[in-house]
$ cat upload_34.txt   # compact mmCIF, C-alpha atoms
# COMPACT_ATOMS: atom_id res chain seq x y z
CA MET A 21 90.37 83.01 65.40
CA SER A 22 91.76 84.40 62.15
CA GLY A 23 94.79 86.62 62.15
CA VAL A 24 98.35 87.16 61.06
CA TYR A 25 100.51 84.11 61.71
CA LEU A 26 104.15 84.98 62.37
CA TYR A 27 106.88 82.65 61.10
CA ALA A 28 110.14 84.51 61.39
CA LEU A 29 111.85 87.84 61.69
CA LEU A 30 114.30 88.61 58.90
CA GLY A 31 117.13 91.04 58.34
CA ALA A 32 115.90 91.84 54.82
CA PRO A 33 112.89 91.01 52.63
CA PRO A 34 113.16 87.68 50.78
CA THR A 35 114.77 88.17 47.37
CA CYS A 36 112.15 85.98 45.71
CA GLU A 37 108.59 84.76 46.27
CA ALA A 38 108.39 83.40 49.84
CA GLY A 39 105.97 80.63 48.85
CA VAL A 40 103.21 79.25 51.06
CA GLY A 41 102.94 78.56 54.79
CA VAL A 42 101.67 75.82 57.09
CA CYS A 43 98.02 76.40 56.08
CA ALA A 44 98.90 76.69 52.38
CA GLU A 45 98.45 80.48 52.72
CA ARG A 46 100.58 82.86 50.67
CA LEU A 47 103.45 84.31 52.71
CA ARG A 48 104.16 88.04 52.78
CA ALA A 49 106.57 90.42 54.45
CA VAL A 50 105.66 93.19 56.90
CA VAL A 51 108.40 95.77 57.50
CA VAL A 52 108.63 97.31 61.00
CA GLY A 53 111.59 99.62 61.43
CA GLY A 54 114.64 97.72 60.21
CA VAL A 55 113.03 94.35 60.87
CA VAL A 56 111.04 92.27 58.39
CA ALA A 57 108.33 89.95 59.71
CA LEU A 58 107.37 87.01 57.50
CA VAL A 59 103.68 86.28 57.99
CA GLY A 60 100.71 84.46 56.54
CA ASP A 61 96.99 85.22 56.89
CA VAL A 62 95.33 82.19 58.48
CA ALA A 63 91.83 81.27 59.62
CA GLU A 64 93.14 79.77 62.87
CA VAL A 65 96.38 78.84 64.62
CA PRO A 66 97.68 75.54 63.22
CA ALA A 67 97.44 72.73 65.77
CA PRO A 68 100.89 71.47 66.81
CA SER A 69 101.58 68.11 65.18
CA ALA A 70 104.51 66.43 63.47
CA VAL A 71 103.10 67.54 60.10
CA THR A 72 102.58 71.22 60.99
CA LEU A 73 105.88 71.47 62.88
CA ARG A 74 107.73 70.03 59.87
CA ALA A 75 105.86 72.39 57.58
CA GLN A 76 106.90 75.40 59.66
CA ASP A 77 110.48 74.12 59.77
CA GLY A 78 110.31 73.80 55.97
CA VAL A 79 109.28 77.45 55.63
CA LEU A 80 112.26 78.53 57.75
CA ARG A 81 114.71 76.35 55.81
CA ARG A 82 113.42 77.77 52.55
CA LEU A 83 113.89 81.29 53.88
CA ALA A 84 117.47 80.54 54.88
CA THR A 85 118.31 79.95 51.22
CA VAL A 86 117.33 83.51 50.25
CA VAL A 87 117.90 85.63 53.41
CA ASP A 88 121.08 85.86 55.53
CA ALA A 89 119.45 86.60 58.90
CA VAL A 90 116.48 84.48 59.99
CA LEU A 91 115.14 84.49 63.57
CA PRO A 92 112.55 81.72 63.97
CA VAL A 93 109.44 82.70 65.95
CA ARG A 94 107.76 80.38 68.44
CA PHE A 95 105.28 77.97 66.79
CA GLY A 96 101.69 79.15 67.18
CA THR A 97 102.36 82.92 67.36
CA LEU A 98 99.27 84.68 66.00
CA MET A 99 98.63 88.44 65.94
CA ALA A 100 95.26 90.08 65.37
CA ASP A 101 96.41 92.07 62.32
CA ASP A 102 99.38 93.96 60.84
CA ALA A 103 98.81 96.90 63.19
CA ALA A 104 99.00 94.65 66.27
CA LEU A 105 102.14 93.03 64.86
CA SER A 106 103.77 96.42 64.28
CA ALA A 107 102.80 97.59 67.76
CA ALA A 108 104.38 94.48 69.29
CA LEU A 109 107.62 94.73 67.30
CA ALA A 110 108.20 98.49 67.12
CA PRO A 111 109.48 98.97 70.72
CA ARG A 112 111.88 96.03 70.30
CA THR A 113 113.41 96.70 66.89
CA ALA A 114 116.85 97.60 68.30
CA ASP A 115 117.08 94.32 70.29
CA LEU A 116 115.72 92.35 67.34
CA ALA A 117 118.23 93.92 64.95
CA ARG A 118 121.06 92.88 67.30
CA ALA A 119 119.65 89.34 67.47
CA LEU A 120 119.39 89.21 63.68
CA GLY A 121 123.00 90.34 63.39
CA ARG A 122 124.03 87.51 65.71
CA VAL A 123 122.40 84.74 63.64
CA SER A 124 123.15 86.28 60.24
CA GLY A 125 124.80 83.73 57.94
CA CYS A 126 124.57 81.05 60.60
CA GLU A 127 122.73 77.81 61.28
CA GLN A 128 122.37 75.61 64.34
CA MET A 129 123.92 72.24 65.12
CA THR A 130 122.64 70.24 68.08
CA LEU A 131 124.73 67.92 70.23
CA ARG A 132 123.28 65.52 72.77
CA VAL A 133 125.61 64.14 75.42
CA TRP A 134 124.96 60.60 76.63
CA GLY A 135 126.41 58.67 79.53
CA GLU A 136 125.73 56.97 82.83
CA VAL A 137 127.65 59.38 85.04
CA THR A 138 128.21 63.13 84.88
CA ALA A 139 131.61 64.82 85.02
CA ALA A 140 132.73 65.28 88.60
CA ALA A 141 131.53 68.54 90.09
CA PRO A 142 134.12 70.75 91.77
CA ALA A 143 134.25 70.18 95.53
CA LEU A 144 132.18 72.60 97.59
CA PRO A 145 133.79 74.50 100.46
CA LEU A 146 133.30 72.83 103.83
CA GLU A 147 133.88 75.93 105.93
CA GLY A 148 131.14 78.27 107.14
CA GLY A 149 127.70 77.61 108.55
CA PRO A 150 124.79 75.82 106.85
CA GLY A 151 123.59 79.04 105.16
CA THR A 152 127.01 79.76 103.65
CA ARG A 153 127.36 76.17 102.41
CA TYR A 154 123.81 76.24 101.00
CA LEU A 155 124.49 79.44 99.05
CA ALA A 156 127.82 78.05 97.77
CA GLY A 157 125.96 74.93 96.61
CA ARG A 158 123.31 76.98 94.80
CA ARG A 159 126.00 79.08 93.14
CA ALA A 160 127.78 75.94 91.96
CA ALA A 161 124.46 74.53 90.68
CA HIS A 162 123.80 77.72 88.68
CA GLU A 163 127.26 77.55 87.13
CA ARG A 164 126.91 73.85 86.40
CA GLY A 165 123.55 74.40 84.70
CA ARG A 166 125.30 76.56 82.12
CA ARG A 167 128.31 74.29 81.55
CA VAL A 168 128.87 70.90 79.99
CA PRO A 169 132.46 69.98 80.96
CA GLU A 170 132.01 66.54 79.37
CA LEU A 171 132.32 68.26 75.98
CA GLU A 172 135.70 69.95 76.48
CA PRO A 173 137.62 67.67 74.04
CA ALA A 174 135.00 68.37 71.36
CA ARG A 175 135.13 72.14 71.97
CA ARG A 176 138.88 72.09 71.36
CA ARG A 177 138.34 70.31 68.02
CA LEU A 178 135.55 72.66 66.98
CA GLY A 179 137.70 75.72 67.64
CA ASP A 180 136.40 78.90 66.06
CA LEU A 181 133.72 77.05 64.06
CA VAL A 182 131.34 77.74 66.94
CA ARG A 183 130.08 81.33 67.10
CA GLU A 184 127.85 80.82 70.16
CA GLU A 185 126.76 78.03 72.46
CA ARG A 186 123.59 77.32 74.45
CA ALA A 187 123.75 74.46 76.93
CA GLU A 188 121.05 72.74 78.93
CA ARG A 189 121.81 70.00 81.42
CA HIS A 190 119.24 67.24 81.85
CA ASP A 191 121.24 64.85 84.05
CA ARG A 192 118.68 62.10 83.45
CA PRO A 193 120.99 59.25 82.35
CA PRO A 194 121.63 58.31 79.72
CA LEU A 195 120.64 61.80 78.47
CA LEU A 196 123.00 64.19 80.26
CA ALA A 197 122.87 67.43 78.26
CA THR A 198 121.83 69.17 75.08
CA VAL A 199 124.20 71.72 73.56
CA GLN A 200 123.28 74.00 70.67
CA HIS A 201 126.00 75.55 68.54
CA LEU A 202 125.64 78.47 66.17
CA VAL A 203 127.93 77.79 63.21
CA PRO A 204 128.44 79.44 59.80
CA ARG A 205 125.98 78.24 57.18
CA GLY A 206 127.40 75.46 55.07
CA SER A 207 129.89 74.30 57.70
CA SER A 208 127.89 71.34 59.03
CA ALA A 209 130.12 68.76 57.32
CA ARG A 210 133.23 70.30 58.92
CA TYR A 211 131.39 70.39 62.24
CA ILE A 212 130.48 66.69 62.03
CA ASP A 213 134.05 65.79 61.05
CA ALA A 214 135.38 67.68 64.09
CA ILE A 215 132.96 65.87 66.41
CA ASP A 216 133.81 62.49 64.88
CA THR A 217 137.50 63.20 65.39
CA ALA A 218 136.83 64.05 69.04
CA ARG A 219 134.82 60.91 69.87
CA ASP A 220 137.70 58.89 71.33
CA GLY A 221 138.69 61.77 73.59
CA LEU A 222 135.11 62.15 74.82
CA ARG A 223 134.86 58.70 76.40
CA PRO A 224 133.14 57.59 78.62
CA TRP A 225 130.61 60.00 77.16
CA ARG A 226 128.99 59.68 73.76
CA VAL A 227 127.59 62.45 71.63
CA SER A 228 125.04 62.48 68.84
CA VAL A 229 124.76 65.26 66.30
CA THR A 230 121.71 66.58 64.47
CA GLY A 231 121.45 69.50 62.11
CA PRO A 232 121.83 71.81 60.45
CA TRP A 233 118.71 73.49 61.85
CA PRO A 234 117.36 77.02 61.67
CA ALA A 235 118.73 78.94 64.67
CA TYR A 236 115.86 77.91 66.98
CA ALA A 237 117.91 78.00 70.17
CA PHE A 238 119.31 81.47 69.47
CA ALA A 239 116.04 83.31 68.91
CA GLU A 240 115.03 84.20 72.47
CA GLU A 241 114.29 87.78 71.41
CA ALA A 242 111.79 86.58 68.81
CA ALA A 243 109.92 84.19 71.14
CA MET B 28 122.84 61.79 58.54
CA SER B 29 126.50 60.74 58.22
CA ALA B 30 127.07 56.97 58.09
CA ARG B 31 130.00 57.39 60.49
CA ARG B 32 127.75 58.58 63.27
CA PRO B 33 127.02 55.76 65.72
CA PRO B 34 123.26 55.13 66.04
CA LEU B 35 121.45 55.79 69.31
CA ASP B 36 120.55 52.72 71.33
CA VAL B 37 117.05 51.98 72.64
CA ARG B 38 117.72 53.37 76.12
CA GLU B 39 119.08 56.60 74.69
CA LEU B 40 116.03 57.00 72.46
CA GLN B 41 113.71 56.30 75.41
CA SER B 42 115.60 58.85 77.50
CA LEU B 43 115.32 61.47 74.74
CA GLY B 44 111.61 60.67 74.32
CA ALA B 45 111.01 61.12 78.06
CA GLU B 46 112.82 64.47 78.03
CA LEU B 47 110.81 65.67 75.02
CA GLU B 48 107.57 64.59 76.71
CA ARG B 49 108.61 66.42 79.88
CA GLN B 50 109.30 69.60 77.92
CA ALA B 51 106.06 69.27 75.93
CA ALA B 52 104.14 68.94 79.22
CA LEU B 53 105.85 72.08 80.51
CA ALA B 54 104.78 73.94 77.36
CA THR B 55 101.13 72.99 77.83
CA THR B 56 99.11 75.90 79.16
CA PRO B 57 97.52 74.87 82.46
CA ARG B 58 93.77 75.49 82.63
CA TRP B 59 91.75 76.53 85.64
CA ASN B 60 90.08 73.44 87.07
CA ALA B 61 86.63 74.28 88.44
CA ASP B 62 86.23 70.96 90.26
CA PRO B 63 85.61 72.06 93.92
CA GLU B 64 88.01 69.39 95.20
CA GLU B 65 90.73 70.70 92.91
CA VAL B 66 90.23 74.38 93.75
CA GLN B 67 92.51 74.29 96.80
CA ARG B 68 95.23 72.56 94.80
CA SER B 69 94.91 75.02 91.91
CA VAL B 70 95.10 78.02 94.23
CA ALA B 71 98.06 76.47 96.08
CA ARG B 72 99.80 75.88 92.77
CA LEU B 73 99.36 79.49 91.69
CA VAL B 74 100.46 80.93 95.04
CA LEU B 75 103.45 78.59 95.37
CA THR B 76 104.52 79.36 91.80
CA LEU B 77 104.64 83.05 92.63
CA VAL B 78 106.52 82.40 95.88
CA GLU B 79 108.97 80.17 94.03
CA PHE B 80 109.46 82.91 91.41
CA VAL B 81 110.31 85.42 94.15
CA ARG B 82 112.57 82.87 95.87
CA GLN B 83 114.54 82.30 92.66
CA LEU B 84 114.89 86.06 92.13
CA LEU B 85 116.23 86.47 95.67
CA GLU B 86 118.60 83.55 95.17
CA ARG B 87 120.00 85.02 91.94
CA GLN B 88 120.46 88.38 93.59
CA ALA B 89 122.24 86.74 96.53
CA ILE B 90 124.55 84.84 94.17
CA ARG B 91 125.32 88.04 92.24
CA ARG B 92 126.23 89.78 95.49
CA LEU B 93 128.32 86.78 96.56
CA GLU B 94 130.20 86.89 93.24
CA SER B 95 130.75 90.64 93.50
CA ASP B 96 131.98 90.19 97.06
CA THR B 97 129.49 92.64 98.55
CA LEU B 98 128.19 90.35 101.32
CA THR B 99 129.95 89.99 104.68
CA PRO B 100 130.35 86.42 106.01
CA GLU B 101 127.56 87.10 108.53
CA GLU B 102 125.23 88.38 105.79
CA THR B 103 126.08 85.41 103.56
CA GLU B 104 125.18 83.00 106.37
CA ALA B 105 121.93 84.82 107.19
CA VAL B 106 120.80 85.09 103.55
CA GLY B 107 121.75 81.45 102.92
CA VAL B 108 119.77 80.18 105.91
CA ALA B 109 116.73 82.30 104.93
CA LEU B 110 116.79 81.01 101.34
CA MET B 111 117.32 77.43 102.49
CA ARG B 112 114.29 77.61 104.81
CA LEU B 113 112.18 79.26 102.13
CA GLU B 114 113.04 76.47 99.67
CA GLU B 115 112.21 73.81 102.29
CA THR B 116 108.89 75.53 103.01
CA VAL B 117 107.89 75.76 99.32
CA ARG B 118 108.80 72.10 98.75
CA ASP B 119 106.96 70.98 101.87
CA LEU B 120 103.78 72.89 100.97
CA ALA B 121 103.96 71.67 97.36
CA ARG B 122 104.29 68.07 98.55
CA ARG B 123 101.21 68.49 100.76
CA PHE B 124 99.17 69.47 97.71
CA GLY B 125 100.69 66.72 95.58
CA LEU B 126 102.60 69.20 93.39
CA GLY B 127 105.93 68.30 91.82
CA PRO B 128 108.70 70.88 91.24
CA ASP B 129 107.93 71.01 87.48
CA GLU B 130 104.32 72.01 88.21
CA LEU B 131 105.33 75.27 89.88
CA ASN B 132 105.39 77.34 86.71
CA LEU B 133 103.19 79.55 84.54
CA ASP B 134 102.96 79.84 80.76
CA LEU B 135 103.08 83.53 79.84
CA GLY B 136 102.19 82.94 76.19
CA PRO B 137 104.51 84.76 73.79
CA LEU B 138 106.78 85.67 76.73
CA GLY B 139 107.49 82.01 77.45
CA ARG B 140 107.54 80.31 80.86
CA LEU B 141 107.71 82.23 84.14
CA LEU B 142 110.46 79.97 85.57
$ encode --input "upload_34.txt" --output "C-alpha cells"
Amino acid sequence: MSGVYLYALLGAPPTCEAGVGVCAERLRAVVVGGVVALVGDVAEVPAPSAVTLRAQDGVLRRLATVVDAVLPVRFGTLMADDAALSAALAPRTADLARALGRVSGCEQMTLRVWGEVTAAAPALPLEGGPGTRYLAGRRAAHERGRRVPELEPARRRLGDLVREERAERHDRPPLLATVQHLVPRGSSARYIDAIDTARDGLRPWRVSVTGPWPAYAFAEEAA
Amino acid sequence: MSARRPPLDVRELQSLGAELERQAALATTPRWNADPEEVQRSVARLVLTLVEFVRQLLERQAIRRLESDTLTPEETEAVGVALMRLEETVRDLARRFGLGPDELNLDLGPLGRLL
C-alpha cells in the first residue's frame, strides 16, 4: 500500500536538503501547526530488517546534524496521504511541541546493567492481612520497576549531565536493567568518562554503554 | 566504541539477545487463527487480555489511593484481597489455555501495546 512514510517530527524544517529515505525516496517536510513532519512517499512500508532499521537510524542521525529537536517516529508508520497525516497530528501539536522542547539539543545514551543478583529490595511490611500485604507488595513492585538502585554510584558521577532518565528492569540475569539517559548533544565522551570512573563503585554490577543514539526512548508522544 | 569499555561476555550477549527476541515477539501483531481447535484459545486470549487490562487499571488506582492515604485499613484489605484473587483467577485461566503472561496483550498499531 503506497502512502506517506513518517520518519520523525521536528521542531523546525531542515536547514538543507534532507536527502533520501529507506526506500531511496526523496524526503520532504510537512508542516502541521508548529510541528514539522519529515516524510517520504513510498510504494509500501519497508519490511523490518537490519538493513532498513539501520537506514532509518541513518536518516535520523543525519537530521540531528541540521535540526535541534528530533522526535523519532516508530518504524513502519505509514499514513495514507498528507491530509491524513495532518489530521492525525493537528489535535496533538501542543503535546508534540512540549516533547520536541524536551529532546531539543539532546541525544540518548543507553546503559545496560549486568549482574547475577539484583540490589536488595526494601523489606515489605509484615503487619495487616493478606490483602494489605499483597497491595503493599504490588506497590513496591511498581516502584521497583521504575528504579535501578544498582546505578546510584554512576548517577552521582553523571550529575547534571543527565536531563532525563527512562529505566526498564529485566531481572533476567545477567541482564538486569536497561537505562536510557537524555544528555546534551556532543557530551557522549564526557558521559562515557563519568561511567568509566564509576565502574569500581558499581561492583558487583557491571554496566555497558552504547550511544549516542537519536532520542528513541524519549519519543513516546511520537509513537 | 571506547577501548576502555570492557567487552560483553558470551552469557551477557546471549541474555541481551534473548531479551531482544522477547521484545520483538511482543511487537509482532497477533493474527486471528481460524483453526477450529485454536478458536477457544484465541477467544480466551482476547478475553483474558481485556480482563488483565482492567485488573491492572484497578491495581494502579488502588495504589494511587494507597499513596494518597484515602483508603481505610479495612478498605485496603478488601481491595487487596479482591485484586489478589482476580490475579490468581486470570493466571489460572491463562494456564488452562496454555497462555503465558507475555501473551496477554494486544498491539494497537501506532498507539503501541495495550499493556
$ atom_distance --input "upload_34.txt" --atom1 "atom CA of A:Leu155" --atom2 "atom CA of B:Val78"
18.5 Å
$ closest_residue --input "upload_34.txt" --among "B:Leu40, B:Ala52, B:Val70, B:Leu133" --to "chain A" --atoms "only C-alpha atoms"
B:Leu40
$ atom_distance --input "upload_34.txt" --atom1 "atom CA of A:Leu26" --atom2 "atom CA of A:Val59"
4.6 Å
$ closest_atom_pairs --input "upload_34.txt" --of "chain B" --to "chain A" --cutoff "7 Å" --atoms "all atoms listed in the file" --output "CSV"
residue,atom,partner,partner_atom,distance
B:Glu39,CA,A:Pro194,CA,5.9
B:Ser42,CA,A:Leu195,CA,5.9
B:Leu43,CA,A:Leu195,CA,6.5
B:Ile90,CA,A:Arg159,CA,6.0
B:Thr103,CA,A:Thr152,CA,5.7
B:Glu104,CA,A:Gly151,CA,4.4
B:Ala105,CA,A:Gly151,CA,6.3
B:Val106,CA,A:Gly151,CA,6.9
B:Gly107,CA,A:Gly151,CA,3.8
B:Val108,CA,A:Gly151,CA,4.1
B:Met111,CA,A:Tyr154,CA,6.8
B:Pro137,CA,A:Ala243,CA,6.1
B:Leu138,CA,A:Ala243,CA,6.6
$ residues_around --input "upload_34.txt" --residues "stretch 126-128 of chain B" --least-positions-apart "6" --cutoff "10 Å" --atoms "all atoms listed in the file" --output "list in words"
Arg68, Ser69, Ala71, Arg72, Leu75, Thr76, Glu79, Val117, Arg118, Asp119 and Leu120 of chain B
$ atom_distance --input "upload_34.txt" --atom1 "atom CA of B:Gln67" --atom2 "atom CA of B:Glu130"
14.8 Å
$ residues_near_point --input "upload_34.txt" --point "(128.6, 68.3, 85.6)" --cutoff "10 Å" --atoms "all atoms listed in the file" --output "MDAnalysis selection string"
chainID A and resid 137:142 160:161 163:170 189 191 196:197
$ closest_residue --input "upload_34.txt" --among "A:Arg82, A:Arg177, A:Arg183, A:Arg205" --to "A:Ala38" --atoms "all atoms listed in the file"
A:Arg82
$ closest_residue --input "upload_34.txt" --among "B:Leu35, B:Leu93, B:Glu48, B:Pro100" --to "A:Glu147" --atoms "all atoms listed in the file"
B:Pro100
